[in-house]
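Report on the structure given below.
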Amino acid sequence: MREFMHYITNAFYSATGWNEDNTYKELDATARALIDFPLPSGLRITLSSLATPHFATSYQLGTVGVVDGSISYLYSSAPLTGIAARSDHIPLPALLRSFHRLHELGSHGTEWKLGADTPTVVPWLRAGNADTGVNSSSGPAAASLRTVQHASQAQNTDSSSLLYGRLYLPQSLLEGLIVKRFSSALQVQLSAVSEQSLRNGGTVLGLVQYDKGKFGVEGLASTDGGLLGVRGLYNFGGDASPSSAAPPASSVHENSAGGQTGEKDRIYGRFSVGGELYYGTLNKSGGMSFGARFATLLAHRGTPLTAALTINPLMGSINASYAVLAKDYCSLSTRMEFNVYSYESDWAVGMELWSNRRPAGFLLGADPSRDRELAAKVPKVKERSFQAKMEWRLDDPEPPVISADAKGSPVGVKEEYLGVLKARLDQNLRIGLLWEGRAKSLIFSLGTGVDLQKLDEPFRSLGLEVQYSS
């Protein structure tokens with residue numbers, strides 16, 4: 001389960017227009033999220049709050065043999081006024097979904113709703129940056145207006161900063177993060193960890209990121225071993241190549257209506273190639289790797305997929321992964337690793353299955369009484385008015401009326417998903433099962449690890465995590 005502070009940090013990146021996808025370390029992020037999801041151990045409770053648009057806090061208490069916990073604080077110079085911070089209002093896919101679709105280059109602040117034909121504004125940008133949504137207007141005037149809007153937004157976010165700190169108890173481990181934007185393309189991150197057991201009492205990692213859309217470059221330096229490194233990513237095809245830009249959605253619908261195949265019906269995606277090179281100045285050792293990825297973009301009208309290949313020539317390892325969004329509610333992934341020196345191999349598969357039922361209904365099937373209740377709530381078709389009949393036209397559409405309860409929450413709006421089941425299996429017959437969902441105002445994560453090679457003690461771990469935020 002993604003922690004609340006991670007959710008807020010991603011909201012900061014989206015609010016300031018920073019593209020987290022355009023980096024080499026995220027080359028196979030989708031497959032890793034579908035296969036290597038963490039399993040909870042013991043009982044852990046987290047209480048969080050976005051106290052102001054600039055300040056967030058989080059308190060965590062857990063027990064795994066011994067009682068431990070942590071205290072976290074976060075400050076953002078960019079106001080996060082439109083973010084859904086309450087645990088009963090946070091969209092579950094935004095918090096729990098593992099399959100990640102790449103954003104269009106230069107279209108920060110928009111997301112693609114599964115099953116929709118057009119991108120929509122993300123929840124945390126709905127209030128302040130509505131101009132990033134779909135705009136049907138065209139022409140020089142509209143283009144000039146959008147340019148001015150994006151320029152003013154860039155001026156407000158170019159100097160944004162984020163401060164984060166977390167103290168783990170009782171081991172007294174302290175970690176911190178500082179993010180500073182110097183321009184629309186330049187960002188600096190500084191992270192540190194302090195603990196007695198670490199060499200020199202802690203370590204500091206500095207990261208300089210330069211993102212121009214077409215390519216992204218990162219330079220890093222760490223006090224742990226005197227590590228120095230550089231990594232980069234270059235994009236081509238899809239939205240990265242002007243000659244292969246996708247046509248507007250209207251032309252696709254027209255072609256489809258006329259029996260022709262639209263451009264977007266073909267595979268429309270982006271190729272990315274990159275690599276990394278690092279060297280430890282203290283231990284006099286280095287390393288390198290390079291890789292490639294193909295991922296369909298938001299405008300692709302077929303099945304979303306992503307495939308990645310990474311090679312480490314010094315270690316002789318080859319890693320290939322593939323992930324596909326088979327349905328809006330089902331994601332599948334597989335990964336294969338092979339070493340050309342030792343001839344050792346490893347494989348793993350992962351699955352994510354979303355459901356709009358409670359765990360009991362998901363396992364046992366639908367409740368007929370629930371289906372009858374939903375059928376009874378189907379709105380009746382209103383008869384055409386006399387005036388509309390005389391004028392040979394249809395009635396004007398009426399605006400939807402949504403009542404609200406005492407807390408201001410919409411009444412009668414059915415949530416799309418109530419939970420997700422995640423599962424993985426590797427070649428050693430180790431299974432990981434995780435059920436995540438929402439119960440009232442609590443977001444929970446219940447998981448277990450099973451080892452089929454040790455049937456006398458198959459359950460290796462069992463845990464429950466509960467989060468509440470306001």
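Identifiers in the structure tokens: chain A, B, ... in order shown; residue index from 1 per chain; ligand index from 1 in order shown.
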### Query
Can you tell me, as a ChimeraX atom specification, what residues are no more than 8 Å from region 311-314 of chain A when counting only C-alpha atoms, ignoring any on the same chain fewer than 4 positions away?
/A:287-291,318-319
### Task
For Ser331 (chain A), please output as a PyMOL selection string all residues within 12 Å (counting only C-alpha atoms; exclusion window: fewer than 3 positions along the same chain).
chain A and resi 30-31+33-35+97-101+303-306+322-328+334+349-354+420-424
### Query
Among region 162-364 of chain A, which residues carry a DSSP assignment of alpha helix (DSSP H), reported as a list in words?
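Matching residues, listed in order: Ala249, Ser250, Ser251, Val252, His253, Glu254, Asn255, Ser256, Ala257, Pro359, Ala360, Gly361, Phe362, Leu363 and Leu364 of chain A.
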Would you output that residue set with N, CA, C and O atoms, as a compact mmCIF listing (two decimals), in the first residue's frame?
```txt
# COMPACT_ATOMS: atom_id res chain seq x y z
N ALA A 249 -9.21 13.29 -31.59
CA ALA A 249 -10.17 12.20 -31.39
C ALA A 249 -11.33 12.28 -32.36
O ALA A 249 -11.92 11.28 -32.74
N SER A 250 -11.71 13.49 -32.78
CA SER A 250 -12.85 13.64 -33.67
C SER A 250 -12.61 12.94 -34.99
O SER A 250 -13.49 12.30 -35.55
N SER A 251 -11.37 13.05 -35.52
CA SER A 251 -11.09 12.40 -36.80
C SER A 251 -11.13 10.90 -36.68
O SER A 251 -11.51 10.19 -37.60
N VAL A 252 -10.75 10.39 -35.51
CA VAL A 252 -10.79 8.94 -35.30
C VAL A 252 -12.22 8.44 -35.32
O VAL A 252 -12.54 7.43 -35.94
N HIS A 253 -13.13 9.20 -34.65
CA HIS A 253 -14.53 8.79 -34.63
C HIS A 253 -15.12 8.87 -36.03
O HIS A 253 -15.92 8.03 -36.44
N GLU A 254 -14.73 9.89 -36.80
CA GLU A 254 -15.26 10.00 -38.15
C GLU A 254 -14.80 8.85 -39.02
O GLU A 254 -15.56 8.28 -39.78
N ASN A 255 -13.53 8.49 -38.90
CA ASN A 255 -13.02 7.37 -39.69
C ASN A 255 -13.69 6.07 -39.29
O ASN A 255 -14.00 5.23 -40.12
N SER A 256 -13.91 5.91 -37.99
CA SER A 256 -14.55 4.69 -37.53
C SER A 256 -15.98 4.61 -38.03
O SER A 256 -16.48 3.54 -38.39
N ALA A 257 -16.68 5.76 -38.05
CA ALA A 257 -18.05 5.76 -38.51
C ALA A 257 -18.13 5.44 -39.99
O ALA A 257 -19.09 4.86 -40.48
N PRO A 359 -15.05 -8.22 -0.01
CA PRO A 359 -14.28 -9.47 -0.13
C PRO A 359 -15.14 -10.72 -0.19
O PRO A 359 -14.87 -11.62 -0.97
N ALA A 360 -16.20 -10.80 0.64
CA ALA A 360 -17.05 -11.99 0.62
C ALA A 360 -17.76 -12.13 -0.72
O ALA A 360 -17.84 -13.21 -1.29
N GLY A 361 -18.29 -11.01 -1.23
CA GLY A 361 -18.96 -11.07 -2.52
C GLY A 361 -18.01 -11.35 -3.66
O GLY A 361 -18.35 -11.99 -4.65
N PHE A 362 -16.77 -10.89 -3.53
CA PHE A 362 -15.77 -11.14 -4.57
C PHE A 362 -15.43 -12.61 -4.66
O PHE A 362 -15.21 -13.15 -5.73
N LEU A 363 -15.36 -13.30 -3.50
CA LEU A 363 -14.99 -14.70 -3.48
C LEU A 363 -16.16 -15.63 -3.76
O LEU A 363 -16.00 -16.68 -4.37
N LEU A 364 -17.37 -15.24 -3.30
CA LEU A 364 -18.52 -16.14 -3.40
C LEU A 364 -19.46 -15.79 -4.54
O LEU A 364 -20.34 -16.57 -4.86
```
#### Entry: Close residues, Arg460 (chain A) itself excluded, 7 Å, only C-alpha atoms, min 4 positions apart in chain, as a PyMOL selection string
chain A and resi 449-451
Save the residues we just selected, N, CA, C and O atoms, as a PDB file, in the first residue's frame?
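So out_27.pdb came out as:
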```
ATOM      1  N   GLY A 449       2.090 -14.338   2.882  1.00  0.00           N
ATOM      2  CA  GLY A 449       3.027 -15.022   2.010  1.00  0.00           C
ATOM      3  C   GLY A 449       2.964 -16.513   2.238  1.00  0.00           C
ATOM      4  O   GLY A 449       2.979 -16.980   3.391  1.00  0.00           O
ATOM      5  N   VAL A 450       2.900 -17.289   1.156  1.00  0.00           N
ATOM      6  CA  VAL A 450       2.752 -18.741   1.238  1.00  0.00           C
ATOM      7  C   VAL A 450       3.900 -19.400   0.474  1.00  0.00           C
ATOM      8  O   VAL A 450       4.213 -19.009  -0.653  1.00  0.00           O
ATOM      9  N   ASP A 451       4.540 -20.383   1.103  1.00  0.00           N
ATOM     10  CA  ASP A 451       5.623 -21.153   0.487  1.00  0.00           C
ATOM     11  C   ASP A 451       5.125 -22.573   0.264  1.00  0.00           C
ATOM     12  O   ASP A 451       4.980 -23.356   1.209  1.00  0.00           O
TER      13      ASP A 451
END
```
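With only C-alpha atoms as the basis for measurement, A:Gln171 is the residue among A:Gln171, A:Ser14, A:Ser333, A:Ser355 that approaches Val67 (chain A) most closely.
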